[in-house]
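Q: Next up, start_3.cif (mmCIF, C-alpha atoms).
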```
data_entry
loop_
_atom_site.label_atom_id
_atom_site.label_comp_id
_atom_site.auth_asym_id
_atom_site.auth_seq_id
_atom_site.Cartn_x
_atom_site.Cartn_y
_atom_site.Cartn_z
CA MET A 223 -175.42 -21.60 -17.82
CA THR A 224 -172.91 -22.30 -15.05
CA LEU A 225 -172.66 -21.69 -11.29
CA MET A 226 -169.09 -20.86 -10.19
CA ILE A 227 -168.23 -21.74 -6.59
CA LEU A 228 -165.14 -19.96 -5.20
CA HIS A 229 -163.71 -22.21 -2.53
CA THR A 230 -160.98 -22.54 0.07
CA ARG A 231 -160.35 -26.17 1.00
CA ASN A 232 -162.62 -27.05 3.91
CA ALA A 233 -163.90 -30.58 4.51
CA SER A 234 -166.92 -29.40 6.52
CA ARG A 235 -168.44 -27.87 3.36
CA ARG A 236 -169.10 -31.16 1.52
CA LYS A 237 -172.87 -30.90 1.93
CA HIS A 238 -172.79 -27.25 0.90
CA LEU A 239 -171.19 -28.12 -2.43
CA ALA A 240 -173.42 -31.15 -2.93
CA LYS A 241 -176.61 -29.11 -2.39
CA ALA A 242 -175.38 -26.19 -4.51
CA ALA A 243 -174.64 -28.56 -7.40
CA GLU A 244 -177.99 -30.35 -6.97
CA THR A 245 -179.86 -27.04 -7.00
CA ALA A 246 -177.95 -25.75 -10.03
CA HIS A 247 -178.65 -28.99 -11.91
CA ALA A 248 -182.36 -28.78 -11.09
CA LEU A 249 -182.39 -25.35 -12.71
CA GLY A 250 -180.58 -26.67 -15.78
CA HIS A 251 -177.14 -25.28 -14.91
CA ARG A 252 -173.67 -26.76 -14.48
CA ALA A 253 -171.75 -26.34 -11.22
CA ILE A 254 -168.00 -25.79 -11.10
CA VAL A 255 -165.53 -25.17 -8.27
CA VAL A 256 -162.47 -22.91 -8.33
CA VAL A 257 -159.97 -23.85 -5.61
CA GLU A 258 -156.21 -23.77 -5.18
CA GLU A 259 -155.61 -27.38 -4.17
CA PRO A 260 -158.50 -29.63 -5.27
CA SER A 261 -159.15 -32.84 -3.37
CA TRP A 262 -162.64 -34.15 -2.52
CA GLU A 263 -164.48 -31.36 -4.41
CA ARG A 264 -164.49 -33.36 -7.69
CA GLU A 265 -167.03 -35.78 -6.19
CA TYR A 266 -169.74 -33.13 -6.09
CA VAL A 267 -169.49 -30.83 -9.13
CA ASP A 268 -169.18 -31.00 -12.90
CA ALA A 269 -165.67 -29.58 -13.09
CA VAL A 270 -162.91 -28.30 -10.82
CA TYR A 271 -160.48 -25.57 -11.84
CA THR A 272 -157.36 -24.48 -10.01
CA ALA A 273 -156.52 -20.88 -9.20
CA PRO A 274 -154.09 -19.11 -6.84
CA THR A 275 -156.91 -18.13 -4.51
CA GLY A 276 -154.59 -16.37 -2.08
CA ASP A 277 -154.05 -13.63 -4.69
CA LEU A 278 -157.15 -11.59 -5.53
CA GLN A 279 -155.94 -10.19 -8.84
CA ALA A 280 -154.62 -13.56 -10.00
CA THR A 281 -157.89 -15.24 -8.99
CA VAL A 282 -159.94 -12.73 -10.97
CA ALA A 283 -157.71 -13.17 -14.01
CA ARG A 284 -157.96 -16.96 -13.77
CA CYS A 285 -161.75 -16.87 -13.38
CA VAL A 286 -162.05 -14.69 -16.47
CA GLU A 287 -160.05 -17.37 -18.33
CA ILE A 288 -162.32 -20.07 -16.93
CA ALA A 289 -165.40 -18.15 -18.06
CA LYS A 290 -164.00 -18.22 -21.60
CA GLU A 291 -163.16 -21.93 -21.37
CA GLU A 292 -166.56 -22.99 -20.05
CA SER A 293 -169.07 -24.24 -22.60
CA GLU A 294 -171.84 -22.25 -20.89
CA PRO A 295 -171.77 -18.62 -19.65
CA ILE A 296 -171.16 -18.04 -15.92
CA ALA A 297 -174.57 -17.16 -14.48
CA GLY A 298 -173.69 -16.82 -10.81
CA VAL A 299 -170.88 -16.79 -8.27
CA ILE A 300 -171.09 -18.12 -4.72
CA ALA A 301 -168.78 -18.85 -1.75
CA PHE A 302 -169.30 -20.90 1.42
CA VAL A 303 -165.99 -20.26 3.21
CA GLU A 304 -165.19 -16.82 4.61
CA HIS A 305 -161.69 -16.73 3.10
CA SER A 306 -163.31 -17.03 -0.37
CA VAL A 307 -165.83 -14.20 0.05
CA PRO A 308 -163.49 -11.37 -1.12
CA ALA A 309 -162.45 -13.42 -4.16
CA ALA A 310 -166.06 -14.20 -5.04
CA ALA A 311 -166.96 -10.50 -4.75
CA ALA A 312 -164.05 -9.47 -6.97
CA VAL A 313 -164.87 -12.13 -9.58
CA ALA A 314 -168.59 -11.23 -9.57
CA ALA A 315 -167.74 -7.55 -10.05
CA GLU A 316 -165.46 -8.39 -12.99
CA LEU A 317 -168.04 -10.65 -14.65
CA GLY A 318 -170.97 -8.31 -13.94
CA LEU A 319 -172.79 -10.78 -11.69
CA PRO A 320 -174.78 -10.10 -8.49
CA PHE A 321 -172.88 -10.33 -5.19
CA ILE A 322 -171.89 -7.99 -2.38
CA SER A 323 -169.39 -5.33 -3.42
CA PRO A 324 -165.65 -5.97 -3.10
CA ASP A 325 -165.49 -3.17 -0.50
CA THR A 326 -168.21 -4.81 1.59
CA ALA A 327 -166.53 -8.20 1.24
CA GLU A 328 -163.27 -6.75 2.53
CA LYS A 329 -164.94 -5.00 5.47
CA SER A 330 -166.68 -8.24 6.42
CA ARG A 331 -163.24 -9.87 6.81
CA ASP A 332 -161.10 -6.95 8.03
CA LYS A 333 -162.01 -6.87 11.71
CA LEU A 334 -160.62 -3.38 12.32
CA SER A 335 -162.61 -1.86 9.43
CA MET A 336 -165.61 -3.80 10.69
CA ARG A 337 -165.27 -2.27 14.17
CA THR A 338 -165.14 1.21 12.60
CA ALA A 339 -168.25 0.47 10.52
CA PHE A 340 -170.15 -0.75 13.58
CA GLU A 341 -169.09 2.36 15.47
CA LYS A 342 -170.61 4.60 12.77
CA VAL A 343 -174.05 2.98 13.00
CA GLY A 344 -174.12 2.92 16.79
CA ILE A 345 -173.98 -0.77 17.67
CA SER A 346 -172.84 -1.77 21.16
CA GLN A 347 -169.40 -3.37 20.87
CA PRO A 348 -166.20 -3.86 22.90
CA ARG A 349 -163.57 -1.15 23.17
CA PHE A 350 -160.77 -1.87 20.69
CA ALA A 351 -157.37 -0.79 19.37
CA LEU A 352 -154.69 -1.83 16.88
CA ALA A 353 -151.22 -2.71 18.15
CA SER A 354 -148.08 -3.66 16.22
CA SER A 355 -145.73 -3.99 19.19
CA VAL A 356 -145.80 -4.90 22.86
CA GLU A 357 -145.26 -1.24 23.72
CA GLU A 358 -148.28 -0.15 21.65
CA ALA A 359 -150.34 -2.95 23.16
CA GLN A 360 -149.45 -1.99 26.72
CA GLU A 361 -150.40 1.62 26.02
CA ALA A 362 -153.70 0.64 24.36
CA ALA A 363 -154.54 -1.68 27.26
CA LYS A 364 -154.69 1.31 29.59
CA SER A 365 -157.85 2.54 27.86
CA ILE A 366 -159.30 -0.88 27.02
CA SER A 367 -158.61 -2.33 30.50
CA TYR A 368 -157.98 -5.94 31.49
CA PRO A 369 -158.93 -8.64 30.77
CA LEU A 370 -158.62 -8.14 27.04
CA VAL A 371 -158.56 -10.31 23.93
CA MET A 372 -155.87 -10.39 21.26
CA LYS A 373 -157.05 -11.49 17.81
CA PRO A 374 -155.99 -11.44 14.14
CA ILE A 375 -157.28 -8.81 11.73
CA ILE A 376 -158.22 -11.39 9.08
CA GLY A 377 -158.52 -14.54 11.17
CA GLY A 378 -161.30 -17.07 11.47
CA GLY A 379 -162.37 -19.99 13.61
CA SER A 380 -160.85 -18.45 16.77
CA MET A 381 -157.37 -19.27 15.49
CA PHE A 382 -154.69 -17.20 17.29
CA VAL A 383 -157.27 -15.58 19.59
CA ARG A 384 -156.23 -15.34 23.24
CA ARG A 385 -157.40 -13.67 26.43
CA VAL A 386 -154.83 -12.03 28.71
CA ASP A 387 -155.55 -10.74 32.21
CA SER A 388 -152.54 -8.57 33.05
CA PRO A 389 -149.65 -6.54 31.59
CA GLU A 390 -147.38 -9.49 32.35
CA GLU A 391 -149.54 -11.91 30.35
CA LEU A 392 -149.80 -9.40 27.52
CA ALA A 393 -146.02 -9.10 27.33
CA GLU A 394 -145.61 -12.88 27.51
CA HIS A 395 -148.05 -13.79 24.73
CA PHE A 396 -148.25 -10.76 22.44
CA GLU A 397 -145.49 -11.63 20.00
CA GLU A 398 -146.60 -15.27 19.58
CA ILE A 399 -150.16 -14.16 18.77
CA ARG A 400 -149.02 -11.30 16.53
CA ALA A 401 -146.74 -13.55 14.49
CA GLY A 402 -149.32 -16.32 14.19
CA ALA A 403 -152.05 -13.85 13.31
CA TRP A 404 -150.32 -13.23 9.98
CA ALA A 405 -148.22 -16.33 9.30
CA GLY A 406 -151.24 -18.52 10.03
CA PHE A 407 -153.26 -16.85 7.27
CA ASP A 408 -150.69 -16.37 4.52
CA TYR A 409 -153.05 -18.16 2.09
CA ASP A 410 -155.78 -15.57 2.64
CA PRO A 411 -156.56 -13.17 -0.25
CA LEU A 412 -156.55 -10.31 2.27
CA PHE A 413 -153.05 -11.15 3.47
CA PHE A 414 -151.93 -7.89 1.81
CA LEU A 415 -153.45 -6.08 4.81
CA LYS A 416 -150.36 -7.20 6.73
CA SER A 417 -148.43 -4.18 5.47
CA ARG A 418 -151.37 -1.79 5.76
CA TYR A 419 -151.62 -2.55 9.47
CA SER A 420 -147.87 -2.83 10.07
CA GLU A 421 -148.30 -6.50 11.01
CA GLY A 422 -150.49 -5.46 13.92
CA ILE A 423 -153.31 -7.27 15.68
CA LEU A 424 -156.60 -6.24 17.22
CA LEU A 425 -156.97 -5.76 20.97
CA GLU A 426 -160.50 -5.88 22.34
CA GLU A 427 -162.19 -5.55 25.68
CA PHE A 428 -163.13 -8.97 27.05
CA LEU A 429 -166.88 -9.10 27.58
CA GLN A 430 -168.55 -11.15 30.28
CA GLY A 431 -171.49 -13.31 29.22
CA ASN A 432 -172.52 -16.10 26.87
CA GLU A 433 -172.06 -16.08 23.10
CA ILE A 434 -174.71 -16.52 20.43
CA SER A 435 -174.62 -16.61 16.64
CA VAL A 436 -177.30 -15.22 14.35
CA GLU A 437 -177.97 -16.67 10.90
CA SER A 438 -179.68 -14.19 8.59
CA TYR A 439 -180.70 -13.74 4.99
CA VAL A 440 -180.61 -10.33 3.32
CA GLN A 441 -182.60 -9.54 0.18
CA ASN A 442 -182.89 -6.08 -1.36
CA GLY A 443 -181.44 -4.67 1.86
CA GLU A 444 -184.12 -6.31 4.06
CA THR A 445 -182.91 -8.66 6.81
CA THR A 446 -184.65 -11.87 7.85
CA VAL A 447 -183.24 -13.56 10.96
CA VAL A 448 -183.53 -17.27 10.17
CA ALA A 449 -182.08 -18.83 13.34
CA VAL A 450 -180.21 -17.96 16.53
CA HIS A 451 -177.81 -20.46 18.07
CA ASP A 452 -176.75 -20.28 21.70
CA LYS A 453 -173.28 -21.48 22.70
CA PRO A 454 -174.11 -23.04 26.08
CA MET A 455 -170.54 -23.88 27.10
CA PRO A 456 -168.74 -20.97 28.83
CA MET A 457 -166.17 -19.30 26.56
CA ASP A 458 -163.99 -17.43 29.03
CA GLY A 459 -160.56 -18.18 27.57
CA PRO A 460 -157.67 -18.14 27.44
CA PHE A 461 -158.62 -19.65 24.05
CA PHE A 462 -162.05 -19.53 22.45
CA GLU A 463 -162.58 -22.76 20.55
CA GLU A 464 -166.27 -23.25 19.77
CA THR A 465 -167.46 -26.70 20.85
CA PHE A 466 -171.25 -26.63 21.29
CA TYR A 467 -174.14 -24.83 19.54
CA ALA A 468 -177.87 -25.20 20.26
CA THR A 469 -180.97 -23.75 18.61
CA PRO A 470 -183.59 -22.31 19.01
CA THR A 471 -182.22 -19.72 21.40
CA VAL A 472 -183.43 -19.32 24.96
CA LEU A 473 -183.28 -15.54 24.53
CA THR A 474 -186.62 -13.71 24.50
CA GLY A 475 -188.16 -10.28 24.76
CA GLU A 476 -186.11 -7.10 24.62
CA THR A 477 -182.77 -8.90 24.44
CA LEU A 478 -183.77 -10.87 21.34
CA GLU A 479 -185.26 -7.78 19.70
CA LYS A 480 -182.01 -5.89 20.29
CA VAL A 481 -180.06 -8.76 18.76
CA LYS A 482 -182.20 -8.53 15.63
CA LYS A 483 -181.92 -4.73 15.54
CA PHE A 484 -178.12 -4.80 15.88
CA THR A 485 -177.90 -7.49 13.20
CA ARG A 486 -179.80 -5.24 10.78
CA LEU A 487 -177.56 -2.30 11.70
CA ALA A 488 -174.46 -4.44 11.13
CA HIS A 489 -175.64 -5.18 7.60
CA GLU A 490 -176.27 -1.49 7.06
CA GLY A 491 -172.84 -0.52 8.36
CA LEU A 492 -171.01 -3.06 6.22
CA GLY A 493 -173.17 -2.49 3.14
CA ILE A 494 -174.56 -6.03 2.97
CA THR A 495 -177.69 -5.87 0.81
CA GLN A 496 -177.97 -9.50 -0.27
CA GLY A 497 -176.98 -13.01 0.75
CA ALA A 498 -176.47 -14.87 4.01
CA THR A 499 -174.71 -13.54 7.10
CA HIS A 500 -173.32 -15.03 10.30
CA THR A 501 -173.22 -12.57 13.22
CA GLU A 502 -171.82 -13.24 16.67
CA PHE A 503 -172.72 -11.49 19.93
CA ARG A 504 -171.89 -11.66 23.61
CA ILE A 505 -174.91 -11.27 25.88
CA SER A 506 -174.09 -9.58 29.18
CA PRO A 507 -175.46 -10.95 32.47
CA SER A 508 -177.98 -8.09 32.38
CA GLY A 509 -179.19 -9.14 28.90
CA GLU A 510 -177.43 -6.47 26.82
CA PRO A 511 -176.14 -7.76 23.45
CA CYS A 512 -172.72 -6.60 22.29
CA ILE A 513 -171.65 -7.41 18.75
CA LEU A 514 -168.43 -9.31 18.08
CA GLU A 515 -168.41 -9.62 14.28
CA THR A 516 -170.44 -10.25 11.14
CA GLY A 517 -169.44 -12.49 8.25
CA ALA A 518 -171.00 -12.05 4.80
CA ARG A 519 -171.57 -15.80 4.48
CA LEU A 520 -173.35 -18.79 5.96
CA GLY A 521 -172.18 -19.90 9.37
CA GLY A 522 -169.40 -22.45 9.30
CA GLY A 523 -169.74 -26.20 8.79
CA PRO A 524 -172.58 -27.71 10.84
CA VAL A 525 -174.52 -24.43 11.09
CA TYR A 526 -176.03 -25.08 7.65
CA GLN A 527 -177.40 -28.50 8.62
CA SER A 528 -178.48 -27.27 12.05
CA VAL A 529 -180.56 -24.44 10.57
CA LEU A 530 -182.08 -26.85 8.03
CA LEU A 531 -183.03 -29.41 10.69
CA SER A 532 -184.43 -26.76 13.02
CA THR A 533 -186.35 -24.51 10.62
CA GLY A 534 -186.71 -26.52 7.42
CA ILE A 535 -185.05 -23.68 5.51
CA ASP A 536 -182.24 -24.81 3.20
CA MET A 537 -179.97 -21.78 3.04
CA VAL A 538 -177.62 -23.30 0.45
CA GLU A 539 -180.56 -23.89 -1.86
CA VAL A 540 -181.78 -20.34 -1.25
CA LEU A 541 -178.39 -18.77 -1.93
CA THR A 542 -177.76 -20.89 -5.01
CA LYS A 543 -181.11 -19.97 -6.53
CA VAL A 544 -180.60 -16.26 -5.83
CA SER A 545 -177.09 -16.29 -7.30
CA LEU A 546 -178.60 -17.81 -10.47
CA GLY A 547 -181.22 -15.08 -10.79
CA GLU A 548 -184.16 -16.77 -9.06
CA THR A 549 -186.41 -14.93 -6.58
CA VAL A 550 -186.79 -16.72 -3.25
CA ASP A 551 -188.85 -15.72 -0.23
CA VAL A 552 -187.47 -16.86 3.14
CA VAL A 553 -190.29 -17.28 5.64
CA VAL A 554 -189.48 -18.42 9.19
CA ASP A 555 -192.18 -20.15 11.26
CA SER A 556 -190.80 -19.46 14.73
CA GLU A 557 -193.60 -21.47 16.34
CA ASN A 558 -192.63 -24.66 14.53
CA VAL A 559 -188.92 -25.28 15.05
CA GLN A 560 -187.04 -28.34 16.23
CA HIS A 561 -184.40 -28.42 18.97
CA VAL A 562 -181.01 -29.10 17.38
CA GLY A 563 -177.49 -29.12 18.72
CA PHE A 564 -174.07 -29.81 17.32
CA SER A 565 -170.68 -30.37 18.87
CA LEU A 566 -167.27 -29.63 17.39
CA HIS A 567 -164.41 -31.91 18.32
CA PHE A 568 -160.65 -31.49 18.62
CA GLY A 569 -157.89 -33.91 19.52
CA GLU A 570 -156.70 -33.71 23.11
CA GLN A 571 -153.17 -33.00 21.90
CA ALA A 572 -151.25 -32.29 18.72
CA GLY A 573 -149.80 -35.24 16.85
CA GLU A 574 -150.66 -38.04 14.45
CA LEU A 575 -154.31 -39.09 14.38
CA VAL A 576 -154.30 -42.89 14.79
CA ALA A 577 -157.99 -43.63 15.45
CA VAL A 578 -161.42 -42.08 16.03
CA GLU A 579 -163.54 -44.06 18.49
CA GLY A 580 -167.29 -43.99 18.93
CA ILE A 581 -168.44 -43.26 15.37
CA ASP A 582 -170.47 -46.46 14.99
CA ALA A 583 -172.22 -45.98 18.32
CA LEU A 584 -173.18 -42.41 17.46
CA GLU A 585 -174.40 -43.27 13.96
CA ALA A 586 -176.64 -45.95 15.49
CA SER A 587 -178.44 -43.35 17.62
CA GLU A 588 -181.80 -42.16 16.29
CA SER A 589 -181.14 -38.65 17.59
CA VAL A 590 -177.81 -38.26 15.76
CA SER A 591 -178.27 -36.69 12.34
CA GLU A 592 -174.66 -36.62 11.20
CA VAL A 593 -171.15 -37.59 12.25
CA MET A 594 -168.44 -36.07 10.09
CA ILE A 595 -164.70 -36.44 10.65
CA TYR A 596 -162.61 -33.98 8.66
CA SER A 597 -159.13 -35.38 9.30
CA GLN A 598 -157.84 -38.63 7.81
CA ILE A 599 -156.21 -41.34 9.91
CA GLY A 600 -152.47 -40.76 9.77
CA ALA A 601 -152.83 -37.00 9.38
CA LEU A 602 -150.97 -34.63 11.67
CA ILE A 603 -153.46 -32.57 13.65
CA ASP A 604 -152.98 -29.55 15.88
CA VAL A 605 -154.95 -27.97 18.71
CA PRO A 606 -156.28 -24.45 19.51
CA PRO A 607 -155.26 -21.71 19.12
CA ARG A 608 -153.17 -22.92 16.16
CA VAL A 609 -156.08 -24.35 14.16
CA TRP A 610 -159.10 -22.57 12.70
CA GLN A 611 -161.19 -25.70 12.16
CA ALA A 612 -162.18 -28.58 14.42
CA HIS A 613 -161.38 -32.16 13.39
CA GLY A 614 -164.99 -33.28 13.22
CA HIS A 615 -168.57 -32.61 14.25
CA VAL A 616 -171.73 -34.37 15.42
CA ILE A 617 -175.27 -33.01 14.82
CA PHE A 618 -178.16 -34.22 16.96
CA THR A 619 -181.80 -33.46 17.68
CA GLY A 620 -183.81 -33.42 20.91
CA SER A 621 -187.15 -32.66 22.51
CA SER A 622 -185.99 -29.64 24.56
CA ARG A 623 -182.92 -27.58 25.42
CA GLU A 624 -182.32 -29.79 28.45
CA ASP A 625 -182.43 -32.87 26.21
CA ILE A 626 -179.95 -31.27 23.77
CA VAL A 627 -177.53 -30.49 26.61
CA GLU A 628 -177.73 -34.10 27.85
CA LYS A 629 -177.15 -35.47 24.34
CA GLN A 630 -174.13 -33.23 23.93
CA ARG A 631 -172.68 -34.66 27.13
CA GLN A 632 -173.23 -38.18 25.81
CA VAL A 633 -171.60 -37.33 22.47
CA ASN A 634 -168.53 -35.93 24.23
CA GLU A 635 -168.20 -39.12 26.25
CA THR A 636 -168.52 -41.32 23.15
CA LEU A 637 -166.39 -39.66 20.45
CA ARG A 638 -162.65 -39.89 21.07
CA PHE A 639 -159.70 -38.86 18.90
CA GLN A 640 -156.64 -41.03 19.54
CA VAL A 641 -153.43 -39.10 18.87
CA ARG A 642 -149.78 -40.06 19.25
#
```
Could you render the structure from this file as structure tokens?
A:
Amino acid sequence: MTLMILHTRNASRRKHLAKAAETAHALGHRAIVVVEEPSWEREYVDAVYTAPTGDLQATVARCVEIAKEESEPIAGVIAFVEHSVPAAAAVAAELGLPFISPDTAEKSRDKLSMRTAFEKVGISQPRFALASSVEEAQEAAKSISYPLVMKPIIGGGSMFVRRVDSPEELAEHFEEIRAGAWAGFDYDPLFFLKSRYSEGILLEEFLQGNEISVESYVQNGETTVVAVHDKPMPMDGPFFEETFYATPTVLTGETLEKVKKFTRLAHEGLGITQGATHTEFRISPSGEPCILETGARLGGGPVYQSVLLSTGIDMVEVLTKVSLGETVDVVVDSENVQHVGFSLHFGEQAGELVAVEGIDALEASESVSEVMIYSQIGALIDVPPRVWQAHGHVIFTGSSREDIVEKQRQVNETLRFQVR
């Protein structure tokens, strides 16, 4: 039997693919990857196939061909990058394999449909509107109020997300964000939504407070919250690049219970009955959680390793086993977790990456679990809001939240991207 991994090129998912293949092999299965432009993936799996993953119908047709070519039947489908979730759902539906439905997969990526779904189940969320022109945006802003956030319908990684504080700023930046919100994701299998939404973008109320992310596992419609990461660095804009996560959360009591309740309701609203999810909230100064979005997938890049280090739960192993028909119970021992943090790093400016300083010093530290640089020397790199992925990450452990914050400061002082 064979595990099929639908993938969009993403260097931060190396350990995901390695663990998925290891788990599949332990169960006696092959592991293959389907991706548009293969590169490093061949190092980790038994075979790599190409497919036009930006086209849902073409991807399904190609995967049906691959299923016929493979020496063993396809036993499961899985995806670790959000852009691949709709394709994985469509392929699983065509091959009769377990996954979330194609409709749920689309709603978990279409941020306007997601907002509507959250509204129906009564989750606290920001006021929102769709706008295809400056004039529509200015009109919508009257009911949303300033400051507000402009964001893509199908975006990820905070790419082309911007806060504006006045009608003048909205007029100045709207067209740049609107254009980038579609042109920047032309490879996405949901790019067809461009015409459905008249090339519009989402406008949302800007919420005061700190952000958190919730990593959950859903089985037979039942939600288990596995870990909650705080984002200790203020994210007030104008851009919203994520640079620092820390777990376990400092949230307690009623606020944490509401976070868990709203996470379950988000799954209900989107129709997520199985698999991993990554849900983001803003927590108001008074402790009220307000949902930002839910992805029907594991959290990006270092989240996987951070959850594993903190809780001992290997979510890639869990998801791989479930996709191959195994039953897995996820049990979280909240009294026995380790303090973990990770930092995401960008170049200080756009240009050619000529060197990355500090790697050896960080790798020599006992508290540093992993240093991963995604970009190659000589590559052209860009900066937020025009990129959806950082250029590298560092994962580290500590004895307390205060220790994690201090280690993050040290990491930031040590790791340097030299760009010209």
Q: A:Val343, A:Leu228, A:Val578, A:Ala309: which is nearest A:Leu492, counting all atoms listed in the file?
A: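 So, comparing all the options, the nearest one is A:Val343.
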Q: For atom CA of A:Ser597 and atom CA of A:Ala242, quote the distance in Å rounded to one decimal.
A: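 Result for atom CA of A:Ser597 versus atom CA of A:Ala242: 23.2 Å, one decimal.
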Q: Quick one: apply the PyMOL selection byres ((chain A and resi 563-575) around 9) to the file and drop the selected residues here as a PyMOL selection string.
A: chain A and resi 451+463-469+524-525+528+561-562+576-578+595+597-606+611-620+623+626-627+629-630+633-634+637-642
Q: Go through A:Ala393, A:Ala359, A:Ile423, A:Leu478 one by one, measure the shortest atom-to-atom distance of each to A:Glu510 using all atoms listed in the file, and give the residue with the smallest value.
A: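 So, comparing all the options, the nearest one is A:Leu478.
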Q: Rounded to one decimal in Å, what is the spacing between atom CA of A:His305 and atom CA of A:Asp410?
A: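 Value for the atom CA of A:His305-atom CA of A:Asp410 distance: 6.0 Å.
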Q: Using all atoms listed in the file, which of A:Ser388, A:Ser589, A:Asn558, A:Gln496 sits nearest A:Val540?
A: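 Closest to A:Val540, using all atoms listed in the file: A:Gln496.
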Q: Go through the shown structure with the PyMOL selection byres ((chain A and resi 484) around 9) and write out the matching residues as a ChimeraX atom specification.
A: /A:344-346,479-483,485-489,511-513
Q: Using all atoms listed in the file, pick whichever of A:Ile322, A:Leu546, A:Val256, A:Ala339 has the shortest atom-to-atom distance to A:Thr495.
A: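 Closest residue, counting all atoms listed in the file: A:Ile322.
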Q: Enumerate, as a ChimeraX atom specification, the residues matched when the PyMOL selection byres ((chain A and resi 335) around 12) is run on the file above.
A: /A:325-334,336-342,350-352,375-376,415,418-419,424,491-492,515-516
Q: What separation in Å, quoted to one decimal, exists between atom CA of A:Gly497 and atom CA of A:Thr533?
A: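 Result for atom CA of A:Gly497 versus atom CA of A:Thr533: 17.8 Å, one decimal.
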Q: Using all atoms listed in the file, find all polymer residues with an atom at most 9 Å away from the point (-178.9, -17.9, -6.9); report them as a VMD selection string.
A: chain A and resid 225 246 297 to 300 320 539 to 550
Q: Show me, as AutoDock Vina command-line options, the centre and edge lengths in Å to one decimal of the axis-aligned box that covers every listed atom of stretch 310-328 of chain A with 6 Å on each side.
A:
```
--center_x -169.0 --center_y -8.7 --center_z -6.1 --size_x 23.5 --size_y 23.0 --size_z 29.2
```
Q: Write out as an MDAnalysis selection string the residues lying within 12 Å of A:Tyr368, counting only C-alpha atoms and excluding same-chain residues fewer than 3 positions away.
A: chainID A and resid 349:350 359:360 362:365 371:372 385:392 425:430
Q: Name the closest residue to A:Pro460 among the candidates A:Pro308, A:Pro607, A:Pro295, A:Gly431; distances are taken between atoms, counting all atoms listed in the file.
A: A:Pro607
Q: Might you pull out every residue within 9 Å of A:Val436, with all atoms listed in the file counted and same-chain residues fewer than 4 positions away left off, and present them as a list of chain:residue names?
A: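 My list of contacting residues is A:Val447, A:Val448, A:Ala449, A:Val450, A:His451, A:Asp452, A:Val481, A:Lys482, A:Thr485, A:Thr499, A:His500, A:Thr501, A:Glu502, A:Phe503, A:Gly521.
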Q: So, counting only C-alpha atoms, which residue among A:Gly493, A:Phe396, A:Gly522, A:Glu624 is closest to A:Glu357?
A: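 With only C-alpha atoms as the atom set, the closest residue is A:Phe396.
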